[in-house]
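Visitor: Attaching a single structure in C-alpha coordinates format; questions to follow.
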Amino acid sequence: MDDSKTWKIVLIDDEEDIREVVSIVLEDAGYSVTTAQDGEYGIFLCEEICPQIVITDIRMPGIDGIQVLQTVKEKYPDIEVIVVTAFGEMELAVRALQLDASDFITKPIDEDVLLVALKRAQHRYTARIQLQDYTRFLEKEKAQTARELIKTYSFQKNLIESSMDGILACDENGVVVTFNKSMEQILGYEKTEVLDKMLFSALFPAGEEKKFKKKMAQENFGGKNRLSLYETTLIGKSGLRVPVQMSAAILWNNNIKSGLVCFSRDLREMRRLERELADQASILHQDKMMSLGRLSASVVHEINNPLFGVLNYVRLMIRILERGALAEESIKKFQRYLDLVEKETERCSNIISSLLTFSRKSEPSFGQVKIDELFNKCILLSRHKLELSNIDLVSEISPGIPSINGDSNQLQQCIINLIFNAMDAMPDGGTLTLTCTYDSEGNKVVITVQDNGHGIQKEDISHIFEPFFTTKKEGYGVGLGLSTVYGIVERHKGTVKVKSEPGNTAFMLHLPV
(Lines give C-alpha, C1' and ligand atoms only; values in the text may rest on other atoms or scores of the structure.)
Protein backbone atom coordinates (compact mmCIF):
# COMPACT_ATOMS: atom_id res chain seq x y z
CA MET A 1 0.00 0.00 0.00
CA ASP A 2 1.07 3.58 -0.65
CA ASP A 3 0.90 4.46 3.01
CA SER A 4 2.67 1.27 4.24
CA LYS A 5 5.47 3.26 5.87
CA THR A 6 2.98 4.56 8.40
CA TRP A 7 2.10 1.06 9.58
CA LYS A 8 3.72 -0.25 12.76
CA ILE A 9 4.04 -3.97 13.46
CA VAL A 10 4.96 -5.88 16.63
CA LEU A 11 6.43 -9.27 15.77
CA ILE A 12 6.35 -11.84 18.65
CA ASP A 13 8.24 -15.13 18.33
CA ASP A 14 10.51 -17.04 20.69
CA GLU A 15 12.86 -18.02 17.83
CA GLU A 16 15.41 -15.32 17.08
CA ASP A 17 16.10 -16.53 13.53
CA ILE A 18 12.46 -16.26 12.58
CA ARG A 19 12.24 -12.80 14.12
CA GLU A 20 15.26 -11.64 12.15
CA VAL A 21 14.20 -13.07 8.79
CA VAL A 22 10.58 -11.91 9.02
CA SER A 23 11.71 -8.43 10.17
CA ILE A 24 13.90 -8.08 7.07
CA VAL A 25 11.02 -9.05 4.81
CA LEU A 26 8.62 -6.59 6.51
CA GLU A 27 11.05 -3.70 6.57
CA ASP A 28 11.84 -4.26 2.88
CA ALA A 29 8.09 -3.96 2.29
CA GLY A 30 8.13 -0.58 4.07
CA TYR A 31 6.73 -1.50 7.46
CA SER A 32 8.07 -0.33 10.82
CA VAL A 33 8.84 -3.49 12.82
CA THR A 34 9.52 -4.00 16.53
CA THR A 35 10.21 -7.53 17.78
CA ALA A 36 9.54 -9.33 21.04
CA GLN A 37 10.94 -12.67 22.19
CA ASP A 38 7.87 -13.55 24.31
CA GLY A 39 4.24 -12.73 24.75
CA GLU A 40 4.64 -10.63 27.88
CA TYR A 41 7.09 -8.24 26.21
CA GLY A 42 4.95 -8.16 23.10
CA ILE A 43 1.95 -6.98 25.10
CA PHE A 44 4.16 -4.34 26.70
CA LEU A 45 5.19 -3.08 23.24
CA CYS A 46 1.53 -2.79 22.25
CA GLU A 47 1.06 -0.29 25.01
CA GLU A 48 4.31 1.56 24.27
CA ILE A 49 4.27 2.02 20.50
CA CYS A 50 0.57 1.48 19.66
CA PRO A 51 1.02 -0.72 16.56
CA GLN A 52 -1.78 -1.32 14.08
CA ILE A 53 -0.81 -5.01 13.58
CA VAL A 54 0.59 -7.77 15.80
CA ILE A 55 2.09 -10.98 14.33
CA THR A 56 2.43 -13.67 17.00
CA ASP A 57 3.45 -17.31 17.12
CA ILE A 58 0.99 -19.56 18.94
CA ARG A 59 3.49 -21.90 20.62
CA MET A 60 5.68 -19.87 22.99
CA PRO A 61 6.90 -20.41 26.55
CA GLY A 62 5.06 -18.38 29.17
CA ILE A 63 2.20 -16.45 27.57
CA ASP A 64 1.29 -18.24 24.36
CA GLY A 65 -0.14 -16.70 21.20
CA ILE A 66 -3.77 -17.37 22.13
CA GLN A 67 -3.32 -15.52 25.42
CA VAL A 68 -1.58 -12.67 23.59
CA LEU A 69 -4.53 -12.51 21.19
CA GLN A 70 -7.07 -12.44 24.01
CA THR A 71 -5.17 -9.78 25.97
CA VAL A 72 -4.58 -7.53 22.98
CA LYS A 73 -8.22 -7.73 21.86
CA GLU A 74 -9.41 -6.93 25.38
CA LYS A 75 -7.09 -3.98 25.87
CA TYR A 76 -6.62 -2.73 22.30
CA PRO A 77 -9.54 -4.00 20.20
CA ASP A 78 -8.50 -1.95 17.16
CA ILE A 79 -5.16 -3.79 16.76
CA GLU A 80 -5.26 -6.53 14.15
CA VAL A 81 -3.60 -9.82 15.19
CA ILE A 82 -2.16 -12.38 12.74
CA VAL A 83 -1.35 -15.75 14.29
CA VAL A 84 1.37 -18.10 13.03
CA THR A 85 0.64 -21.83 13.36
CA ALA A 86 2.09 -25.19 12.47
CA PHE A 87 0.15 -27.70 10.38
CA GLY A 88 -0.77 -29.75 13.41
CA GLU A 89 -2.34 -26.80 15.22
CA MET A 90 -5.39 -26.09 13.07
CA GLU A 91 -7.73 -26.33 16.04
CA LEU A 92 -5.75 -23.51 17.67
CA ALA A 93 -5.94 -21.56 14.45
CA VAL A 94 -9.71 -21.91 14.39
CA ARG A 95 -9.80 -20.85 18.03
CA ALA A 96 -7.72 -17.80 17.11
CA LEU A 97 -10.16 -16.82 14.38
CA GLN A 98 -13.03 -17.20 16.84
CA LEU A 99 -11.19 -14.72 19.09
CA ASP A 100 -11.22 -12.20 16.18
CA ALA A 101 -7.74 -12.82 14.82
CA SER A 102 -7.27 -11.10 11.49
CA ASP A 103 -5.70 -14.12 9.77
CA PHE A 104 -3.47 -17.12 10.30
CA ILE A 105 -0.45 -18.31 8.39
CA THR A 106 1.55 -21.49 8.70
CA LYS A 107 5.20 -22.18 9.25
CA PRO A 108 7.47 -22.04 7.48
CA ILE A 109 6.28 -18.49 6.68
CA ASP A 110 5.92 -17.78 2.98
CA GLU A 111 6.74 -14.16 2.09
CA ASP A 112 3.86 -13.73 -0.36
CA VAL A 113 1.38 -15.31 2.04
CA LEU A 114 2.61 -13.00 4.79
CA LEU A 115 2.18 -9.87 2.66
CA VAL A 116 -1.31 -10.95 1.59
CA ALA A 117 -2.25 -11.51 5.25
CA LEU A 118 -0.87 -8.07 6.11
CA LYS A 119 -2.97 -6.44 3.38
CA ARG A 120 -6.04 -8.17 4.76
CA ALA A 121 -5.17 -6.95 8.23
CA GLN A 122 -4.62 -3.43 6.92
CA HIS A 123 -7.95 -3.52 5.13
CA ARG A 124 -9.70 -4.79 8.26
CA TYR A 125 -8.03 -2.15 10.39
CA THR A 126 -8.81 0.67 7.96
CA ALA A 127 -12.40 -0.48 7.52
CA ARG A 128 -12.88 -0.75 11.27
CA ILE A 129 -11.46 2.75 11.91
CA GLN A 130 -13.55 4.21 9.10
CA LEU A 131 -16.62 2.50 10.48
CA GLN A 132 -15.88 3.81 13.95
CA ASP A 133 -15.31 7.30 12.57
CA TYR A 134 -18.52 7.10 10.61
CA THR A 135 -20.39 5.76 13.62
CA ARG A 136 -19.02 8.56 15.78
CA PHE A 137 -19.93 11.03 13.06
CA LEU A 138 -23.49 9.68 12.92
CA GLU A 139 -23.77 9.71 16.68
CA LYS A 140 -22.42 13.24 16.78
CA GLU A 141 -24.74 14.38 14.01
CA LYS A 142 -27.65 12.61 15.66
CA ALA A 143 -26.82 14.26 18.97
CA GLN A 144 -26.32 17.62 17.25
CA THR A 145 -29.60 17.25 15.40
CA ALA A 146 -31.34 16.28 18.62
CA ARG A 147 -29.78 19.26 20.40
CA GLU A 148 -30.78 21.59 17.59
CA LEU A 149 -34.32 20.24 17.60
CA ILE A 150 -34.52 20.68 21.36
CA LYS A 151 -32.96 24.13 21.08
CA THR A 152 -35.35 25.14 18.31
CA TYR A 153 -38.33 23.79 20.19
CA SER A 154 -37.24 25.51 23.41
CA PHE A 155 -36.61 28.77 21.58
CA GLN A 156 -40.00 28.68 19.90
CA LYS A 157 -41.69 27.77 23.15
CA ASN A 158 -39.91 30.60 24.99
CA LEU A 159 -40.72 32.95 22.13
CA ILE A 160 -44.41 32.14 22.43
CA GLU A 161 -44.45 32.22 26.21
CA SER A 162 -42.42 35.46 26.43
CA SER A 163 -44.50 37.36 23.89
CA MET A 164 -46.10 40.55 25.20
CA ASP A 165 -49.08 39.76 22.97
CA GLY A 166 -51.46 36.98 23.80
CA ILE A 167 -50.94 34.02 21.43
CA LEU A 168 -53.72 31.49 20.91
CA ALA A 169 -53.94 28.69 18.36
CA CYS A 170 -56.60 26.11 17.66
CA ASP A 171 -56.74 22.97 15.51
CA GLU A 172 -58.97 22.31 12.52
CA ASN A 173 -61.87 21.52 14.89
CA GLY A 174 -61.54 24.84 16.73
CA VAL A 175 -60.08 23.28 19.91
CA VAL A 176 -57.50 25.52 21.60
CA VAL A 177 -54.01 23.93 21.44
CA THR A 178 -51.78 26.94 22.26
CA PHE A 179 -52.44 29.45 25.03
CA ASN A 180 -49.47 31.52 26.25
CA LYS A 181 -48.89 33.42 29.51
CA SER A 182 -50.02 36.77 28.10
CA MET A 183 -53.27 35.12 27.05
CA GLU A 184 -53.68 33.82 30.60
CA GLN A 185 -53.24 37.36 31.91
CA ILE A 186 -55.66 38.85 29.40
CA LEU A 187 -58.52 36.39 29.98
CA GLY A 188 -57.78 35.08 33.47
CA TYR A 189 -57.85 31.40 32.47
CA GLU A 190 -55.14 28.95 33.51
CA LYS A 191 -53.54 27.11 30.60
CA THR A 192 -54.74 23.77 31.98
CA GLU A 193 -58.32 25.00 31.87
CA VAL A 194 -58.15 25.81 28.18
CA LEU A 195 -55.72 23.55 26.30
CA ASP A 196 -57.45 20.70 24.48
CA LYS A 197 -60.64 21.47 26.42
CA MET A 198 -62.11 24.75 25.26
CA LEU A 199 -63.36 25.80 21.84
CA PHE A 200 -62.07 29.04 20.33
CA SER A 201 -65.67 30.14 19.76
CA ALA A 202 -66.35 30.02 23.52
CA LEU A 203 -64.01 32.99 24.05
CA PHE A 204 -66.25 35.38 22.07
CA PRO A 205 -69.45 37.07 23.24
CA ALA A 206 -72.58 36.28 21.28
CA GLY A 207 -72.33 37.38 17.66
CA GLU A 208 -68.65 38.42 17.77
CA GLU A 209 -67.23 35.15 16.41
CA LYS A 210 -69.51 35.43 13.37
CA LYS A 211 -68.19 38.95 12.71
CA PHE A 212 -64.63 37.71 13.20
CA LYS A 213 -65.02 34.91 10.65
CA LYS A 214 -66.67 37.31 8.20
CA LYS A 215 -63.71 39.67 8.43
CA MET A 216 -61.31 36.72 8.02
CA ALA A 217 -63.01 35.78 4.75
CA GLN A 218 -62.67 39.30 3.33
CA GLU A 219 -59.55 40.62 1.64
CA ASN A 220 -59.49 44.19 2.97
CA PHE A 221 -58.24 43.34 6.47
CA GLY A 222 -54.80 41.89 5.63
CA GLY A 223 -55.80 39.51 2.82
CA LYS A 224 -58.06 36.49 2.53
CA ASN A 225 -57.77 34.10 5.49
CA ARG A 226 -55.75 36.76 7.32
CA LEU A 227 -56.78 39.51 9.69
CA SER A 228 -54.69 42.49 10.75
CA LEU A 229 -55.24 44.80 13.76
CA TYR A 230 -58.91 43.98 14.11
CA GLU A 231 -60.57 45.30 17.27
CA THR A 232 -63.03 42.97 18.93
CA THR A 233 -64.07 41.74 22.37
CA LEU A 234 -63.22 38.50 24.19
CA ILE A 235 -64.85 37.02 27.28
CA GLY A 236 -62.60 36.37 30.28
CA LYS A 237 -62.99 33.70 32.92
CA SER A 238 -64.99 35.97 35.21
CA GLY A 239 -67.31 36.94 32.34
CA LEU A 240 -65.56 40.31 31.99
CA ARG A 241 -65.59 41.68 28.46
CA VAL A 242 -62.02 42.44 27.40
CA PRO A 243 -61.39 44.78 24.44
CA VAL A 244 -58.53 43.45 22.29
CA GLN A 245 -56.75 44.23 19.06
CA MET A 246 -56.38 40.96 17.20
CA SER A 247 -54.38 39.72 14.22
CA ALA A 248 -55.03 36.21 12.92
CA ALA A 249 -54.16 33.78 10.14
CA ILE A 250 -55.46 30.42 8.91
CA LEU A 251 -52.88 27.59 9.12
CA TRP A 252 -52.51 25.20 6.19
CA ASN A 253 -50.93 21.78 5.71
CA ASN A 254 -50.69 20.51 2.11
CA ASN A 255 -53.47 22.90 1.08
CA ILE A 256 -55.72 21.55 3.83
CA LYS A 257 -56.86 23.86 6.62
CA SER A 258 -55.15 22.69 9.81
CA GLY A 259 -56.00 25.41 12.29
CA LEU A 260 -55.88 29.07 13.25
CA VAL A 261 -53.43 31.28 15.13
CA CYS A 262 -54.35 34.60 16.77
CA PHE A 263 -52.26 37.37 18.31
CA SER A 264 -54.19 39.53 20.77
CA ARG A 265 -53.25 42.81 22.45
CA ASP A 266 -55.10 43.91 25.57
CA LEU A 267 -56.63 47.36 24.96
CA ARG A 268 -57.78 47.99 28.53
CA GLU A 269 -54.63 49.86 29.50
CA MET A 270 -54.73 51.85 26.28
CA ARG A 271 -58.34 52.79 26.92
CA ARG A 272 -57.43 53.80 30.48
CA LEU A 273 -54.60 56.00 29.20
CA GLU A 274 -56.93 57.58 26.66
CA ARG A 275 -59.40 58.40 29.42
CA GLU A 276 -56.57 59.67 31.62
CA LEU A 277 -55.30 61.86 28.79
CA ALA A 278 -58.78 63.23 28.26
CA ASP A 279 -59.05 63.86 32.02
CA GLN A 280 -55.68 65.63 32.00
CA ALA A 281 -56.80 67.85 29.14
CA SER A 282 -59.98 68.61 31.06
CA ILE A 283 -58.04 69.40 34.24
CA LEU A 284 -55.61 71.58 32.28
CA HIS A 285 -58.46 73.59 30.81
CA GLN A 286 -60.31 73.72 34.13
CA ASP A 287 -57.22 75.14 35.80
CA LYS A 288 -56.82 77.64 32.98
CA MET A 289 -60.40 78.79 33.41
CA MET A 290 -59.84 79.26 37.14
CA SER A 291 -56.75 81.33 36.41
CA LEU A 292 -58.75 83.26 33.84
CA GLY A 293 -61.39 84.00 36.47
CA ARG A 294 -58.75 85.38 38.78
CA LEU A 295 -57.39 87.51 35.95
CA SER A 296 -60.77 88.87 34.92
CA ALA A 297 -61.17 91.54 37.61
CA SER A 298 -57.62 92.73 37.08
CA VAL A 299 -58.01 92.82 33.29
CA VAL A 300 -61.26 94.79 33.57
CA HIS A 301 -59.42 97.50 35.51
CA GLU A 302 -56.45 97.25 33.13
CA ILE A 303 -58.74 97.88 30.12
CA ASN A 304 -60.99 100.43 31.82
CA ASN A 305 -58.13 102.85 32.45
CA PRO A 306 -57.04 103.28 28.80
CA LEU A 307 -60.68 103.17 27.63
CA PHE A 308 -61.56 105.97 30.04
CA GLY A 309 -58.69 108.03 28.61
CA VAL A 310 -59.75 107.27 25.05
CA LEU A 311 -63.34 108.24 25.82
CA ASN A 312 -62.27 111.55 27.40
CA TYR A 313 -60.02 112.48 24.47
CA VAL A 314 -62.78 111.64 21.96
CA ARG A 315 -65.31 113.77 23.86
CA LEU A 316 -62.81 116.63 24.07
CA MET A 317 -62.20 116.50 20.31
CA ILE A 318 -65.96 116.48 19.65
CA ARG A 319 -66.42 119.62 21.75
CA ILE A 320 -63.58 121.34 19.92
CA LEU A 321 -65.09 120.41 16.56
CA GLU A 322 -68.47 121.80 17.66
CA ARG A 323 -66.87 125.25 18.08
CA GLY A 324 -66.22 125.53 14.37
CA ALA A 325 -63.24 125.29 12.06
CA LEU A 326 -60.00 124.08 13.61
CA ALA A 327 -57.26 126.54 14.31
CA GLU A 328 -53.61 125.65 13.82
CA GLU A 329 -53.22 125.12 17.56
CA SER A 330 -56.27 122.83 17.71
CA ILE A 331 -54.93 120.69 14.86
CA LYS A 332 -51.74 120.07 16.82
CA LYS A 333 -53.81 119.12 19.88
CA PHE A 334 -55.88 116.76 17.74
CA GLN A 335 -52.74 115.06 16.46
CA ARG A 336 -51.48 114.59 20.02
CA TYR A 337 -54.87 113.35 21.22
CA LEU A 338 -55.19 110.90 18.31
CA ASP A 339 -51.69 109.58 19.00
CA LEU A 340 -52.67 108.91 22.63
CA VAL A 341 -55.95 107.30 21.54
CA GLU A 342 -54.07 105.00 19.12
CA LYS A 343 -51.57 103.90 21.77
CA GLU A 344 -54.22 103.24 24.43
CA THR A 345 -56.43 101.38 21.96
CA GLU A 346 -53.48 99.25 20.88
CA ARG A 347 -52.75 98.56 24.54
CA CYS A 348 -56.33 97.36 25.05
CA SER A 349 -56.10 95.26 21.91
CA ASN A 350 -52.91 93.56 23.12
CA ILE A 351 -54.45 92.78 26.51
CA ILE A 352 -57.60 91.31 24.95
CA SER A 353 -55.58 89.36 22.37
CA SER A 354 -53.36 87.85 25.08
CA LEU A 355 -56.40 87.04 27.19
CA LEU A 356 -58.16 85.30 24.30
CA THR A 357 -55.05 83.30 23.43
CA PHE A 358 -54.63 82.23 27.05
CA SER A 359 -58.28 81.22 27.46
CA ARG A 360 -58.51 79.22 24.23
CA LYS A 361 -58.73 75.46 24.60
CA SER A 362 -56.33 74.04 22.02
CA GLU A 363 -54.23 70.98 21.27
CA PRO A 364 -50.56 71.20 22.33
CA SER A 365 -48.61 72.95 19.60
CA PHE A 366 -44.84 72.82 19.98
CA GLY A 367 -42.59 75.38 18.33
CA GLN A 368 -39.81 77.84 19.08
CA VAL A 369 -40.60 79.96 22.15
CA LYS A 370 -38.70 83.18 22.91
CA ILE A 371 -38.42 83.77 26.65
CA ASP A 372 -38.68 87.58 26.48
CA GLU A 373 -41.95 87.35 24.53
CA LEU A 374 -43.24 84.74 26.98
CA PHE A 375 -42.41 86.98 29.97
CA ASN A 376 -44.02 90.04 28.32
CA LYS A 377 -47.31 88.18 27.78
CA CYS A 378 -47.39 87.00 31.40
CA ILE A 379 -46.55 90.48 32.73
CA LEU A 380 -49.18 92.11 30.51
CA LEU A 381 -51.91 89.86 31.89
CA SER A 382 -50.91 90.05 35.55
CA ARG A 383 -49.37 93.53 35.95
CA HIS A 384 -52.48 95.35 37.10
CA LYS A 385 -53.34 92.63 39.63
CA LEU A 386 -49.80 92.87 40.99
CA GLU A 387 -50.19 96.64 41.35
CA LEU A 388 -53.53 96.23 43.13
CA SER A 389 -51.88 93.69 45.50
CA ASN A 390 -49.05 96.16 46.23
CA ILE A 391 -46.45 93.78 44.77
CA ASP A 392 -43.36 95.05 42.96
CA LEU A 393 -42.35 93.09 39.87
CA VAL A 394 -38.70 92.55 38.93
CA SER A 395 -37.96 90.86 35.61
CA GLU A 396 -34.44 89.78 34.65
CA ILE A 397 -33.44 87.83 31.53
CA SER A 398 -29.79 86.96 30.99
CA PRO A 399 -28.44 88.01 27.58
CA GLY A 400 -28.16 85.36 24.89
CA ILE A 401 -30.93 83.07 26.17
CA PRO A 402 -31.73 80.60 23.35
CA SER A 403 -35.28 79.81 22.31
CA ILE A 404 -36.79 76.59 23.61
CA ASN A 405 -39.04 74.07 21.92
CA GLY A 406 -42.42 74.12 23.58
CA ASP A 407 -46.06 75.15 23.65
CA SER A 408 -46.10 78.89 24.35
CA ASN A 409 -49.67 78.85 25.64
CA GLN A 410 -49.03 76.04 28.15
CA LEU A 411 -45.74 77.58 29.36
CA GLN A 412 -47.60 80.88 29.82
CA GLN A 413 -50.16 79.02 31.93
CA CYS A 414 -47.31 77.62 34.08
CA ILE A 415 -45.79 81.02 34.78
CA ILE A 416 -49.14 82.72 35.48
CA ASN A 417 -50.03 79.93 37.93
CA LEU A 418 -46.73 80.46 39.74
CA ILE A 419 -47.27 84.26 39.74
CA PHE A 420 -50.71 83.79 41.31
CA ASN A 421 -49.30 81.45 43.95
CA ALA A 422 -46.61 84.01 44.75
CA MET A 423 -49.24 86.75 45.07
CA ASP A 424 -51.24 84.55 47.47
CA ALA A 425 -48.08 84.08 49.54
CA MET A 426 -47.70 87.89 49.90
CA PRO A 427 -51.13 89.12 51.08
CA ASP A 428 -49.58 92.33 52.48
CA GLY A 429 -47.47 93.04 49.41
CA GLY A 430 -43.85 92.26 48.58
CA THR A 431 -41.55 91.62 45.64
CA LEU A 432 -42.01 89.11 42.85
CA THR A 433 -38.93 88.29 40.77
CA LEU A 434 -39.05 86.64 37.36
CA THR A 435 -35.63 85.53 36.11
CA CYS A 436 -34.33 83.41 33.26
CA THR A 437 -30.82 81.99 32.91
CA TYR A 438 -29.13 79.51 30.58
CA ASP A 439 -27.38 76.41 31.93
CA SER A 440 -24.87 75.72 29.15
CA GLU A 441 -23.57 72.54 30.83
CA GLY A 442 -27.01 70.93 30.93
CA ASN A 443 -28.19 72.80 27.81
CA LYS A 444 -31.27 73.98 29.72
CA VAL A 445 -33.14 77.23 30.21
CA VAL A 446 -34.00 77.86 33.87
CA ILE A 447 -37.06 80.05 34.56
CA THR A 448 -37.39 81.12 38.22
CA VAL A 449 -40.45 82.65 39.91
CA GLN A 450 -39.41 83.94 43.34
CA ASP A 451 -41.32 85.70 46.12
CA ASN A 452 -40.57 86.95 49.63
CA GLY A 453 -43.79 85.68 51.15
CA HIS A 454 -44.50 83.35 54.09
CA GLY A 455 -43.04 80.22 52.42
CA ILE A 456 -44.18 76.58 52.30
CA GLN A 457 -44.16 74.27 55.31
CA LYS A 458 -41.54 71.50 55.12
CA GLU A 459 -44.15 68.77 55.61
CA ASP A 460 -46.12 70.12 52.62
CA ILE A 461 -43.23 70.34 50.14
CA SER A 462 -43.51 66.67 49.07
CA HIS A 463 -47.27 67.02 48.38
CA ILE A 464 -47.61 70.38 46.63
CA PHE A 465 -47.60 68.87 43.12
CA GLU A 466 -50.34 66.35 43.93
CA PRO A 467 -53.72 67.09 42.30
CA PHE A 468 -56.23 68.73 44.67
CA PHE A 469 -53.65 69.26 47.44
CA THR A 470 -53.95 72.79 48.79
CA THR A 471 -53.02 74.70 51.93
CA LYS A 472 -55.30 77.61 51.06
CA LYS A 473 -58.53 78.36 52.85
CA GLU A 474 -61.75 77.03 51.40
CA GLY A 475 -62.83 79.09 48.43
CA TYR A 476 -59.31 80.21 47.56
CA GLY A 477 -58.23 77.23 45.45
CA VAL A 478 -58.78 73.53 44.74
CA GLY A 479 -55.15 72.46 44.38
CA LEU A 480 -54.85 72.09 40.61
CA GLY A 481 -52.38 74.87 39.85
CA LEU A 482 -49.08 73.24 40.80
CA SER A 483 -50.09 69.77 39.55
CA THR A 484 -50.88 71.42 36.21
CA VAL A 485 -47.47 73.15 36.23
CA TYR A 486 -45.79 69.83 36.96
CA GLY A 487 -47.68 68.03 34.16
CA ILE A 488 -46.93 70.72 31.56
CA VAL A 489 -43.21 70.86 32.38
CA GLU A 490 -43.00 67.05 32.32
CA ARG A 491 -44.58 67.03 28.83
CA HIS A 492 -41.84 69.45 27.81
CA LYS A 493 -39.30 66.85 29.11
CA GLY A 494 -38.27 69.26 31.85
CA THR A 495 -38.26 69.30 35.65
CA VAL A 496 -39.71 71.51 38.39
CA LYS A 497 -37.73 72.27 41.54
CA VAL A 498 -38.74 74.26 44.59
CA LYS A 499 -36.83 75.88 47.44
CA SER A 500 -38.75 77.47 50.27
CA GLU A 501 -38.21 79.10 53.63
CA PRO A 502 -40.00 81.98 55.33
CA GLY A 503 -39.27 85.11 53.30
CA ASN A 504 -37.95 83.32 50.23
CA THR A 505 -39.69 80.80 47.96
CA ALA A 506 -38.46 79.97 44.47
CA PHE A 507 -39.95 77.70 41.82
CA MET A 508 -37.48 76.77 39.07
CA LEU A 509 -38.58 75.36 35.72
CA HIS A 510 -35.73 73.51 33.94
CA LEU A 511 -36.58 73.24 30.24
CA PRO A 512 -34.29 71.57 27.68
CA VAL A 513 -33.17 73.66 24.70
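Residues are referred to by chain and number: the chain letter is A, B, ... according to the order shown in the C-alpha coordinates, the number counts from 1 in that chain, and ligands are numbered separately from 1 in the order shown.
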Need to verify the contact set: Asn504 of chain A, 8 Å, only C-alpha atoms, exclusion of same-chain residues closer than 4 positions in sequence. Can you return it as a PyMOL selection string?
Guide: chain A and resi 450-455+500
Visitor: Counting only C-alpha atoms, what is within 7 Å of segment 310-313 of chain A, bar same-chain residues fewer than 6 positions away, as a PyMOL selection string?
Guide: chain A and resi 337+341+344
Visitor: Within 7 Å of segment 82-85 of chain A, counting only C-alpha atoms, which residues qualify if same-chain residues fewer than 6 places away don't, as a ChimeraX atom specification?
Guide: /A:54-58,93,101-107
Visitor: Based on DSSP run over this structure's backbone, return all residues of segment 119-203 of chain A in strand (DSSP E or B), as a list of chain:residue names.
Guide: A:Gly166, A:Ile167, A:Leu168, A:Ala169, A:Cys170, A:Asp171, A:Val175, A:Val176, A:Val177, A:Thr178, A:Phe179, A:Leu199
Visitor: Would you write out those residues with N, CA and C atoms, as a PDB file, in the first residue's frame?
Guide:
ATOM      1  N   GLY A 166     -50.874  38.285  23.541  1.00  0.00           N
ATOM      2  CA  GLY A 166     -51.462  36.981  23.799  1.00  0.00           C
ATOM      3  C   GLY A 166     -51.458  36.154  22.524  1.00  0.00           C
ATOM      4  N   ILE A 167     -50.973  34.902  22.600  1.00  0.00           N
ATOM      5  CA  ILE A 167     -50.936  34.021  21.427  1.00  0.00           C
ATOM      6  C   ILE A 167     -51.828  32.812  21.695  1.00  0.00           C
ATOM      7  N   LEU A 168     -52.753  32.596  20.792  1.00  0.00           N
ATOM      8  CA  LEU A 168     -53.717  31.493  20.914  1.00  0.00           C
ATOM      9  C   LEU A 168     -53.794  30.796  19.565  1.00  0.00           C
ATOM     10  N   ALA A 169     -53.775  29.468  19.586  1.00  0.00           N
ATOM     11  CA  ALA A 169     -53.937  28.692  18.356  1.00  0.00           C
ATOM     12  C   ALA A 169     -54.925  27.574  18.597  1.00  0.00           C
ATOM     13  N   CYS A 170     -55.650  27.219  17.541  1.00  0.00           N
ATOM     14  CA  CYS A 170     -56.597  26.109  17.656  1.00  0.00           C
ATOM     15  C   CYS A 170     -56.428  25.192  16.452  1.00  0.00           C
ATOM     16  N   ASP A 171     -56.878  23.949  16.597  1.00  0.00           N
ATOM     17  CA  ASP A 171     -56.744  22.975  15.507  1.00  0.00           C
ATOM     18  C   ASP A 171     -57.896  23.132  14.527  1.00  0.00           C
ATOM     19  N   VAL A 175     -60.503  23.527  18.528  1.00  0.00           N
ATOM     20  CA  VAL A 175     -60.084  23.283  19.911  1.00  0.00           C
ATOM     21  C   VAL A 175     -58.768  24.017  20.169  1.00  0.00           C
ATOM     22  N   VAL A 176     -58.693  24.729  21.281  1.00  0.00           N
ATOM     23  CA  VAL A 176     -57.499  25.517  21.601  1.00  0.00           C
ATOM     24  C   VAL A 176     -56.334  24.584  21.926  1.00  0.00           C
ATOM     25  N   VAL A 177     -55.189  24.781  21.223  1.00  0.00           N
ATOM     26  CA  VAL A 177     -54.013  23.932  21.442  1.00  0.00           C
ATOM     27  C   VAL A 177     -52.786  24.744  21.883  1.00  0.00           C
ATOM     28  N   THR A 178     -52.849  26.053  21.767  1.00  0.00           N
ATOM     29  CA  THR A 178     -51.776  26.935  22.256  1.00  0.00           C
ATOM     30  C   THR A 178     -52.409  28.094  22.991  1.00  0.00           C
ATOM     31  N   PHE A 179     -51.857  28.403  24.186  1.00  0.00           N
ATOM     32  CA  PHE A 179     -52.438  29.446  25.027  1.00  0.00           C
ATOM     33  C   PHE A 179     -51.306  29.969  25.925  1.00  0.00           C
ATOM     34  N   LEU A 199     -63.244  25.390  23.237  1.00  0.00           N
ATOM     35  CA  LEU A 199     -63.356  25.801  21.842  1.00  0.00           C
ATOM     36  C   LEU A 199     -63.031  27.289  21.712  1.00  0.00           C
TER      37      LEU A 199
END
Visitor: For Ala121 of chain A, which residue among A:Val446, A:Leu92, A:Leu159, A:Ile9 is the nearest when counting only C-alpha atoms?
Guide: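 For Ala121 of chain A, the nearest of the given residues is A:Ile9.
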Visitor: Just give me the gap between atom CA of Ile66 of chain A and atom CA of Val116 of chain A in Å, one decimal is fine.
Guide: 21.7 Å
Visitor: For a test of reading the model, state the distance in Å between atom CA of Gln122 of chain A and atom CA of Tyr41 of chain A, rounded to one decimal.
Guide: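 Those two atoms sit 23.1 Å apart.
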Visitor: One decimal, in Å: what's the spacing between atom CA of Phe137 of chain A and atom CA of Val72 of chain A?
Guide: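 Separation between atom CA of Phe137 of chain A and atom CA of Val72 of chain A: 26.0 Å.
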Visitor: Return the single residue from A:Pro399, A:Gly39, A:Pro205, A:Gly236 that is closest to Asp266 of chain A, with distances computed using only C-alpha atoms.
Guide: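 Between A:Pro399, A:Gly39, A:Pro205, A:Gly236, the residue approaching Asp266 of chain A most closely is A:Gly236.
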